[in-house]
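Q: For reference, the file work_8.txt (compact mmCIF, C-alpha atoms and all ligand atoms) is included below:
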```
# COMPACT_ATOMS: atom_id res chain seq x y z
CA MET A 1 0.00 0.00 0.00
CA ALA A 2 1.33 3.40 -0.94
CA GLU A 3 2.51 5.45 1.97
CA ARG A 4 1.08 8.94 2.02
CA PHE A 5 3.19 12.06 1.74
CA ILE A 6 2.01 13.40 5.07
CA ASP A 7 3.02 10.17 6.78
CA ARG A 8 6.50 10.32 5.29
CA LEU A 9 6.72 13.98 6.30
CA ALA A 10 5.74 13.08 9.84
CA GLY A 11 8.52 10.48 9.85
CA VAL A 12 11.08 13.03 8.64
CA GLU A 13 9.87 15.56 11.22
CA ALA A 14 10.19 12.99 14.00
CA ARG A 15 13.76 12.19 12.90
CA LEU A 16 14.61 15.90 12.75
CA ALA A 17 13.14 16.58 16.17
CA ALA A 18 15.00 13.64 17.69
CA ALA A 19 18.31 14.70 16.16
CA CYS A 20 17.86 18.27 17.42
CA ALA A 21 16.97 17.00 20.88
CA ARG A 22 20.04 14.76 21.06
CA VAL A 23 22.36 17.78 20.72
CA GLY A 24 20.26 20.41 22.46
CA ARG A 25 19.25 22.33 19.34
CA GLU A 26 15.84 23.84 18.68
CA ARG A 27 13.89 22.37 15.79
CA ASP A 28 13.58 25.83 14.22
CA GLU A 29 17.36 26.08 13.88
CA VAL A 30 17.12 23.63 10.97
CA ARG A 31 15.20 24.31 7.77
CA LEU A 32 13.83 21.43 5.75
CA LEU A 33 14.45 21.89 2.03
CA THR A 34 12.24 19.59 -0.01
CA VAL A 35 14.09 18.17 -3.01
CA THR A 36 11.63 17.86 -5.89
CA LYS A 37 13.88 16.60 -8.71
CA THR A 38 12.01 14.05 -10.85
CA GLN A 39 8.75 15.05 -9.10
CA GLY A 40 6.02 16.93 -10.94
CA PRO A 41 4.10 20.07 -9.99
CA ASP A 42 1.43 17.85 -8.42
CA ALA A 43 3.95 16.56 -5.91
CA VAL A 44 5.04 20.13 -5.16
CA ALA A 45 1.39 21.07 -4.60
CA GLU A 46 0.96 18.16 -2.21
CA ALA A 47 4.04 19.23 -0.26
CA MET A 48 2.76 22.80 -0.12
CA ALA A 49 -0.61 21.60 1.12
CA ALA A 50 1.32 19.94 3.96
CA GLY A 51 2.92 23.28 4.80
CA LEU A 52 6.29 23.02 3.02
CA THR A 53 7.48 26.07 1.11
CA LEU A 54 11.21 25.63 0.50
CA PHE A 55 12.13 23.51 -2.52
CA GLY A 56 15.29 22.38 -4.26
CA GLU A 57 16.00 21.40 -7.84
CA ASN A 58 19.32 20.18 -9.15
CA ARG A 59 18.92 21.00 -12.85
CA VAL A 60 18.00 24.30 -14.47
CA GLN A 61 16.37 22.52 -17.38
CA GLU A 62 13.96 20.62 -15.15
CA ALA A 63 13.29 23.66 -12.96
CA ARG A 64 12.49 25.83 -15.98
CA ALA A 65 9.61 23.52 -16.89
CA LYS A 66 8.37 22.95 -13.36
CA ILE A 67 8.60 26.20 -11.42
CA PRO A 68 6.11 28.17 -13.57
CA LEU A 69 3.54 25.43 -12.90
CA CYS A 70 3.91 25.71 -9.12
CA ALA A 71 2.36 28.18 -6.69
CA ALA A 72 4.22 31.47 -6.35
CA ALA A 73 4.51 30.98 -2.58
CA ALA A 74 7.18 28.32 -3.19
CA THR A 75 10.81 29.34 -2.72
CA TRP A 76 13.33 27.57 -4.95
CA HIS A 77 17.00 26.81 -4.43
CA LEU A 78 19.32 25.38 -7.05
CA ILE A 79 21.19 22.54 -5.34
CA GLY A 80 23.05 21.09 -8.35
CA HIS A 81 26.03 22.24 -10.38
CA LEU A 82 25.37 25.27 -12.57
CA GLN A 83 26.79 25.56 -16.07
CA SER A 84 27.98 29.01 -17.06
CA ASN A 85 25.60 29.19 -20.02
CA LYS A 86 22.63 28.75 -17.68
CA VAL A 87 23.58 31.37 -15.11
CA ARG A 88 21.24 34.07 -16.44
CA GLU A 89 18.29 31.73 -16.36
CA ALA A 90 19.18 30.43 -12.91
CA VAL A 91 19.24 33.99 -11.58
CA GLN A 92 15.67 34.42 -12.85
CA LEU A 93 14.35 31.11 -11.51
CA PHE A 94 15.96 30.70 -8.11
CA ALA A 95 15.96 32.58 -4.81
CA LEU A 96 19.34 31.11 -3.85
CA LEU A 97 22.08 29.09 -5.54
CA GLN A 98 23.53 26.41 -3.22
CA ALA A 99 26.19 24.86 -5.43
CA VAL A 100 28.46 27.73 -6.47
CA ASP A 101 31.67 25.77 -6.93
CA SER A 102 34.22 28.12 -8.49
CA LEU A 103 35.32 31.73 -8.31
CA ARG A 104 34.56 32.07 -12.01
CA LEU A 105 30.97 30.93 -11.44
CA LEU A 106 30.62 33.30 -8.48
CA GLU A 107 31.72 36.17 -10.75
CA LEU A 108 29.30 35.14 -13.49
CA VAL A 109 26.43 34.98 -11.00
CA ASP A 110 27.38 38.42 -9.67
CA ARG A 111 27.29 39.87 -13.17
CA ALA A 112 24.00 38.20 -14.09
CA ALA A 113 22.42 39.30 -10.81
CA ALA A 114 23.58 42.89 -11.43
CA GLU A 115 21.99 42.77 -14.90
CA ALA A 116 18.79 41.47 -13.38
CA GLY A 117 18.85 44.28 -10.82
CA ARG A 118 19.03 42.04 -7.79
CA THR A 119 21.38 40.67 -5.18
CA LEU A 120 21.46 36.92 -5.04
CA PRO A 121 22.25 34.89 -1.90
CA VAL A 122 24.49 31.90 -2.58
CA PHE A 123 26.20 29.06 -0.75
CA LEU A 124 29.65 27.88 -1.73
CA GLU A 125 29.79 24.15 -2.33
CA VAL A 126 32.84 22.70 -0.62
CA ASN A 127 34.40 19.38 -1.57
CA VAL A 128 35.44 18.47 1.95
CA SER A 129 36.42 14.89 1.11
CA GLY A 130 38.59 15.85 -1.86
CA GLU A 131 36.99 13.17 -4.04
CA ARG A 132 38.04 13.79 -7.63
CA SER A 133 34.60 13.04 -9.01
CA LYS A 134 33.01 15.77 -6.93
CA ASN A 135 32.20 19.38 -7.68
CA GLY A 136 32.94 22.03 -5.15
CA PHE A 137 35.72 24.27 -3.94
CA ALA A 138 38.72 22.59 -2.45
CA PRO A 139 38.86 23.99 1.10
CA GLU A 140 42.07 25.87 0.17
CA GLY A 141 40.15 27.75 -2.52
CA VAL A 142 37.40 29.08 -0.30
CA PRO A 143 39.23 32.08 1.29
CA GLU A 144 39.87 33.60 -2.15
CA ALA A 145 36.16 33.33 -3.00
CA LEU A 146 35.20 34.86 0.35
CA ALA A 147 37.63 37.71 -0.26
CA ALA A 148 36.05 38.31 -3.67
CA ALA A 149 32.75 38.99 -1.91
CA ASN A 150 34.07 42.48 -1.13
CA ARG A 151 34.12 43.47 -4.79
CA LEU A 152 31.19 41.33 -5.97
CA THR A 153 28.30 43.52 -4.91
CA HIS A 154 25.41 41.46 -6.31
CA VAL A 155 26.08 38.15 -4.62
CA GLU A 156 25.84 37.54 -0.91
CA ILE A 157 27.67 34.45 0.37
CA ARG A 158 25.30 33.22 3.05
CA GLY A 159 26.79 29.84 3.77
CA LEU A 160 28.34 26.57 2.73
CA MET A 161 27.05 23.35 1.27
CA THR A 162 28.59 19.91 1.06
CA ILE A 163 27.86 16.36 -0.05
CA PRO A 164 29.90 13.68 1.75
CA PRO A 165 31.17 10.56 -0.03
CA VAL A 166 28.69 7.77 -0.55
CA ALA A 167 29.04 5.37 2.36
CA ARG A 168 27.31 2.26 3.57
CA ASP A 169 27.24 3.42 7.17
CA VAL A 170 25.82 6.93 7.67
CA GLU A 171 28.24 7.50 10.54
CA GLU A 172 30.99 7.72 7.93
CA ALA A 173 29.54 11.08 6.86
CA ARG A 174 29.98 12.62 10.30
CA PRO A 175 33.66 13.67 9.99
CA PHE A 176 32.90 15.52 6.74
CA PHE A 177 29.97 17.42 8.23
CA ARG A 178 32.02 18.23 11.31
CA ARG A 179 34.97 19.35 9.20
CA LEU A 180 32.83 21.80 7.25
CA ARG A 181 31.55 23.35 10.47
CA GLU A 182 35.11 23.66 11.77
CA LEU A 183 36.36 25.15 8.50
CA ARG A 184 33.56 27.69 8.70
CA GLU A 185 34.89 28.99 12.02
CA GLY A 186 38.23 29.84 10.44
CA TRP A 187 36.64 31.32 7.35
CA ARG A 188 34.39 33.52 9.46
CA ARG A 189 37.43 34.98 11.16
CA VAL A 190 39.44 35.62 7.99
CA SER A 191 36.53 37.00 5.95
CA GLY A 192 34.40 38.76 8.54
CA LEU A 193 31.38 37.12 6.88
CA ALA A 194 28.84 35.48 9.21
CA LEU A 195 28.23 32.48 6.90
CA PRO A 196 25.12 31.55 8.89
CA ASP A 197 24.00 28.60 6.78
CA LEU A 198 25.36 25.07 6.59
CA SER A 199 23.47 23.03 4.01
CA MET A 200 24.30 19.40 4.67
CA GLY A 201 22.46 16.12 5.06
CA MET A 202 20.13 14.22 2.74
CA SER A 203 17.47 11.54 3.29
CA HIS A 204 19.82 8.89 4.65
CA ASP A 205 22.17 11.02 6.74
CA PHE A 206 20.42 14.22 7.77
CA GLU A 207 20.29 13.32 11.46
CA ILE A 208 24.09 13.14 11.53
CA ALA A 209 24.27 16.49 9.72
CA VAL A 210 21.88 18.08 12.22
CA GLU A 211 23.97 16.74 15.10
CA GLU A 212 27.00 18.37 13.46
CA GLY A 213 25.37 21.77 12.99
CA ALA A 214 23.41 21.75 9.71
CA THR A 215 21.00 24.67 9.38
CA MET A 216 19.40 23.22 6.26
CA VAL A 217 18.85 19.61 5.24
CA ARG A 218 18.01 18.66 1.66
CA VAL A 219 15.52 15.82 1.65
CA GLY A 220 13.94 14.13 -1.37
CA SER A 221 13.33 10.40 -1.28
CA ALA A 222 12.45 10.25 2.44
CA LEU A 223 9.51 12.54 1.58
CA PHE A 224 8.47 11.31 -1.86
CA GLY A 225 9.64 7.70 -1.87
CA PRO A 226 12.43 6.29 -4.02
CA ARG A 227 13.18 8.03 -7.32
CA PRO A 228 13.35 6.10 -10.60
CA PRO A 229 16.75 4.43 -11.04
CA LYS A 230 19.67 6.62 -12.08
CA GLY A 231 20.06 7.32 -15.75
CA ALA A 232 16.71 8.37 -17.11
CA ASN A 233 15.77 11.45 -15.17
CA ASP A 234 18.15 11.61 -12.33
CA ALA A 235 21.36 12.73 -13.97
CA GLY A 236 22.43 14.30 -10.69
CA ASN A 237 23.94 17.41 -12.14
CA GLU A 238 23.12 20.04 -14.69
C1 LIG B 1 18.93 14.62 -4.88
C2 LIG B 1 19.67 15.51 -3.97
C3 LIG B 1 19.33 15.57 -2.60
C4 LIG B 1 18.24 14.73 -1.97
O1 LIG B 1 18.57 13.40 -1.99
P1 LIG B 1 17.66 12.32 -1.20
O2 LIG B 1 18.60 11.23 -0.94
O3 LIG B 1 16.57 11.95 -2.12
O4 LIG B 1 17.17 12.98 0.00
C5 LIG B 1 20.04 16.44 -1.81
N1 LIG B 1 21.02 17.22 -2.30
C6 LIG B 1 21.37 17.19 -3.60
C7 LIG B 1 22.47 18.07 -4.07
C8 LIG B 1 20.71 16.34 -4.48
O5 LIG B 1 21.07 16.31 -5.77
```
Give the structure from the file, written as structure tokens.
A:
Amino acid sequence: MAERFIDRLAGVEARLAAACARVGRERDEVRLLTVTKTQGPDAVAEAMAAGLTLFGENRVQEARAKIPLCAAAATWHLIGHLQSNKVREAVQLFALLQAVDSLRLLELVDRAAAEAGRTLPVFLEVNVSGERSKNGFAPEGVPEALAAANRLTHVEIRGLMTIPPVARDVEEARPFFRRLRELREGWRRVSGLALPDLSMGMSHDFEIAVEEGATMVRVGSALFGPRPPKGANDAGNE
């Protein structure tokens, strides 16, 4: 029998509340970002009916088709890699870009945001594990990007995002989440930026991320059920 969305949401909320309680955090210190990749506007509507308003898409192409069909009260974040030729469109579609992974991309977003007459909040994606296959700034590259924030007047670096290596045991993600939080402390000092947001944790490991200081968890399959197998729709990145 199909599980209902509101039941899955209740399960996610219970896990979030328990993780917050374990480390003495308030539930409202962590925002739940609902990942809607591969889901249609009907699924977004169902999530909104259940009170969710913050959504994430990982591909501009998919978001371009979906967002106009969804209620305007939804807020959209881009959580996947952004190609330079899609920056202008991304600036139109999204309230925040979570996967800015190079200084060059940060500069392009700044320029496109200036042209659009807005200031865009972004997160820098950090490749904490150093896996070659992964997008993201190497930790050594982050200070230069933070320093650039002084001259880039149409982007606001609000935080950091990371995706740990795939692991069988979710506990293996913990050192990467912890490391990002620790790196942030140093980067706050050198840059003077508050960097309030830490976007980390997905369906299988968000409790660990919350225990390690996540302010935003990105949850898809725990809310909507498993996605179709990789390949067809779920290319992962733009
Ligand atoms: C798909 C995706 C998620 C959500 O993954 P689930 O395992 O379905 O929760 C989170 N973050 C990013 C960057 C994603 O691409």
Q: Do a neighbour search on Ala209 in chain A at 10 Å with all atoms listed in the file, toss out local chain neighbours closer than 5 positions, and write the hits as a list in words.
A: Ala19, Val170, Glu171, Ala173, Arg174, Pro175, Phe176, Phe177, Arg178, Leu198, Ser199, Met200, Gly201, Met202, Ala214, Thr215, Met216 and Val217 of chain A
Q: For CA of Ala49 in chain A and CA of Ala63 in chain A, quote the distance in Å rounded to one decimal.
A: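 A separation of 19.9 Å between them.
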Q: Mind checking which residues fall within 7 Å of range 83-97 of chain A, counting only C-alpha atoms, ignoring those fewer than 4 positions away in the same chain, and posting them as a ChimeraX atom specification?
A: /A:60,75-79,105,109,112-113,120-123,238
Q: Using Å and a single decimal, report how far CA of Glu46 in chain A sits from CA of Asp197 in chain A.
A: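 Answer for the CA of Asp197 in chain A to CA of Glu46 in chain A separation: 26.8 Å.
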Q: Looking at all atoms listed in the file, which of A:Glu212, A:Glu26, A:Glu57, A:Asp7 is the one that sits closest to ligand LIG 1 (chain B)?
A: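 Ranked by minimum distance to ligand LIG 1 (chain B), first place goes to A:Glu57.
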Q: Check which residues of chain A sit at most 9 Å from ligand LIG 1 (chain B) using all atoms listed in the file, and return one row each with the closest pair of atoms and their distance in Å to one decimal, ordered by chain and rising number, as a tab-separated table.
A:
```
residue	atom	partner	partner_atom	distance
A:Leu33	CA	B:LIG1	C5	8.7
A:Thr34	CA	B:LIG1	C4	8.0
A:Val35	CA	B:LIG1	C4	5.5
A:Thr36	CA	B:LIG1	C1	8.1
A:Lys37	CA	B:LIG1	C1	6.6
A:Gly56	CA	B:LIG1	N1	8.0
A:Glu57	CA	B:LIG1	O5	7.5
A:Asn58	CA	B:LIG1	O5	5.4
A:Arg59	CA	B:LIG1	O5	8.8
A:Leu78	CA	B:LIG1	C7	8.5
A:Ile79	CA	B:LIG1	C7	4.8
A:Gly80	CA	B:LIG1	C7	5.3
A:His81	CA	B:LIG1	C7	8.4
A:Gln98	CA	B:LIG1	C7	8.4
A:Ala99	CA	B:LIG1	C7	7.9
A:Met161	CA	B:LIG1	C7	8.8
A:Thr162	CA	B:LIG1	C7	8.2
A:Ile163	CA	B:LIG1	C7	6.9
A:Ser199	CA	B:LIG1	N1	8.9
A:Met200	CA	B:LIG1	N1	8.0
A:Gly201	CA	B:LIG1	C5	7.3
A:Met202	CA	B:LIG1	O4	4.2
A:Ser203	CA	B:LIG1	O4	3.6
A:His204	CA	B:LIG1	O2	6.2
A:Asp205	CA	B:LIG1	O2	8.5
A:Phe206	CA	B:LIG1	O4	8.5
A:Val217	CA	B:LIG1	C5	7.8
A:Arg218	CA	B:LIG1	C5	4.6
A:Val219	CA	B:LIG1	O4	3.7
A:Gly220	CA	B:LIG1	O3	3.5
A:Ser221	CA	B:LIG1	O3	3.7
A:Ala222	CA	B:LIG1	O4	6.0
A:Leu223	CA	B:LIG1	O4	7.8
A:Phe224	CA	B:LIG1	O3	8.1
A:Gly225	CA	B:LIG1	O3	8.1
A:Pro226	CA	B:LIG1	O3	7.3
A:Arg227	CA	B:LIG1	O3	7.3
A:Asp234	CA	B:LIG1	C1	8.1
A:Ala235	CA	B:LIG1	O5	9.0
A:Gly236	CA	B:LIG1	O5	5.5
A:Asn237	CA	B:LIG1	O5	7.1
```
Q: Rank nothing, just name the residue among A:Ala10, A:Glu3, A:Leu160, A:Gly51 nearest to Arg179 in chain A, using all atoms listed in the file.
A: A:Leu160
Q: Could you work out how far CA of Arg184 in chain A lies from CA of Ser129 in chain A, giving the answer in Å with one decimal?
A: 15.2 Å
Q: If we count only C-alpha atoms and set the cut-off at 8 Å, which residues sit around Pro143 in chain A, ignoring sequence neighbours fewer than 4 positions away in its own chain? Please answer as a PDB file with C-alpha atoms, in the coordinates of the input.
A:
```
ATOM      1  CA  ALA A 147      37.630  37.710  -0.260  1.00  0.00           C
ATOM      2  CA  TRP A 187      36.640  31.320   7.350  1.00  0.00           C
ATOM      3  CA  VAL A 190      39.440  35.620   7.990  1.00  0.00           C
ATOM      4  CA  SER A 191      36.530  37.000   5.950  1.00  0.00           C
TER       5      SER A 191
END
```
Q: So, with only C-alpha atoms as the atoms that count, which of A:Gln61, A:Glu131, A:Ala149, A:Arg25 lies closest to Thr38 in chain A?
A: A:Gln61
Q: For Ile157 in chain A, which residue out of A:Glu172, A:Glu182, A:Arg132, A:Gly192 is the nearest one, using all atoms listed in the file?
A: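 Once distances to Ile157 in chain A are computed over all atoms listed in the file, the minimum belongs to A:Gly192.
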Q: Can you find the residues with an atom no farther than 12 Å from (5.2, 27.8, -9.1), counting all atoms listed in the file, and report them as a list in words?
A: Gly40, Pro41, Asp42, Ala43, Val44, Ala45, Met48, Thr53, Leu54, Phe55, Ala63, Arg64, Ala65, Lys66, Ile67, Pro68, Leu69, Cys70, Ala71, Ala72, Ala73, Ala74, Thr75, Trp76, Leu93 and Phe94 of chain A
Q: Output as JSON the centre and edge lengths (Å, one decimal) of the box along x, y and z of the file that holds every listed atom of range 40-55 of chain A after adding 6 Å on each side.
A:
```
{"center_x": 5.8, "center_y": 21.3, "center_z": -3.1, "size_x": 24.7, "size_y": 21.5, "size_z": 27.7}
```
Q: I need the residue nearest Gly117 in chain A from this list: A:Arg27, A:Arg181, A:Arg189, A:His154. Use all atoms listed in the file for the distance.
A: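 Residue with the minimum atom-to-atom distance to Gly117 in chain A: A:His154.
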Q: Any chance you could build range 9-20 of chain A out to all heavy atoms and write it as a tab-separated table (two decimals), in the coordinates of the input?
A:
```tsv
chain	number	residue	atom	x	y	z
A	9	LEU	N	6.29	12.70	5.71
A	9	LEU	CA	6.72	13.98	6.30
A	9	LEU	C	6.76	13.88	7.83
A	9	LEU	O	7.70	14.36	8.47
A	9	LEU	CB	5.77	15.11	5.86
A	9	LEU	CG	6.01	16.48	6.49
A	9	LEU	CD1	7.42	16.99	6.20
A	9	LEU	CD2	4.96	17.50	5.98
A	10	ALA	N	5.75	13.24	8.38
A	10	ALA	CA	5.74	13.08	9.84
A	10	ALA	C	6.95	12.28	10.30
A	10	ALA	O	7.56	12.57	11.35
A	10	ALA	CB	4.44	12.39	10.28
A	11	GLY	N	7.33	11.27	9.53
A	11	GLY	CA	8.52	10.48	9.85
A	11	GLY	C	9.79	11.33	9.80
A	11	GLY	O	10.65	11.24	10.70
A	12	VAL	N	9.91	12.16	8.77
A	12	VAL	CA	11.08	13.03	8.64
A	12	VAL	C	11.10	14.03	9.80
A	12	VAL	O	12.15	14.28	10.41
A	12	VAL	CB	11.07	13.76	7.27
A	12	VAL	CG1	12.08	14.90	7.23
A	12	VAL	CG2	11.35	12.77	6.14
A	13	GLU	N	9.94	14.59	10.12
A	13	GLU	CA	9.87	15.56	11.22
A	13	GLU	C	10.27	14.92	12.55
A	13	GLU	O	10.95	15.55	13.37
A	13	GLU	CB	8.47	16.16	11.31
A	13	GLU	CG	8.22	17.32	10.37
A	13	GLU	CD	9.14	18.53	10.64
A	13	GLU	OE1	9.70	18.66	11.75
A	13	GLU	OE2	9.33	19.33	9.73
A	14	ALA	N	9.83	13.68	12.75
A	14	ALA	CA	10.19	12.99	14.00
A	14	ALA	C	11.70	12.77	14.07
A	14	ALA	O	12.32	12.96	15.13
A	14	ALA	CB	9.45	11.66	14.09
A	15	ARG	N	12.29	12.40	12.94
A	15	ARG	CA	13.76	12.19	12.90
A	15	ARG	C	14.49	13.51	13.15
A	15	ARG	O	15.49	13.55	13.87
A	15	ARG	CB	14.17	11.61	11.55
A	15	ARG	CG	13.75	10.15	11.35
A	15	ARG	CD	13.95	9.70	9.91
A	15	ARG	NE	15.34	9.81	9.45
A	15	ARG	CZ	15.73	9.72	8.17
A	15	ARG	NH1	14.83	9.53	7.21
A	15	ARG	NH2	17.00	9.82	7.85
A	16	LEU	N	13.99	14.58	12.55
A	16	LEU	CA	14.61	15.90	12.75
A	16	LEU	C	14.53	16.33	14.21
A	16	LEU	O	15.51	16.80	14.79
A	16	LEU	CB	13.89	16.96	11.89
A	16	LEU	CG	14.38	17.15	10.45
A	16	LEU	CD1	13.45	18.13	9.73
A	16	LEU	CD2	15.81	17.64	10.43
A	17	ALA	N	13.35	16.16	14.78
A	17	ALA	CA	13.14	16.58	16.17
A	17	ALA	C	14.05	15.79	17.10
A	17	ALA	O	14.65	16.34	18.03
A	17	ALA	CB	11.67	16.40	16.56
A	18	ALA	N	14.16	14.49	16.83
A	18	ALA	CA	15.00	13.64	17.69
A	18	ALA	C	16.47	14.04	17.57
A	18	ALA	O	17.19	14.09	18.57
A	18	ALA	CB	14.80	12.16	17.33
A	19	ALA	N	16.91	14.32	16.35
A	19	ALA	CA	18.31	14.70	16.16
A	19	ALA	C	18.60	16.03	16.85
A	19	ALA	O	19.63	16.18	17.52
A	19	ALA	CB	18.63	14.80	14.66
A	20	CYS	N	17.69	16.98	16.73
A	20	CYS	CA	17.86	18.27	17.42
A	20	CYS	C	17.94	18.06	18.93
A	20	CYS	O	18.82	18.60	19.61
A	20	CYS	CB	16.71	19.22	17.09
A	20	CYS	SG	16.76	19.88	15.42
```
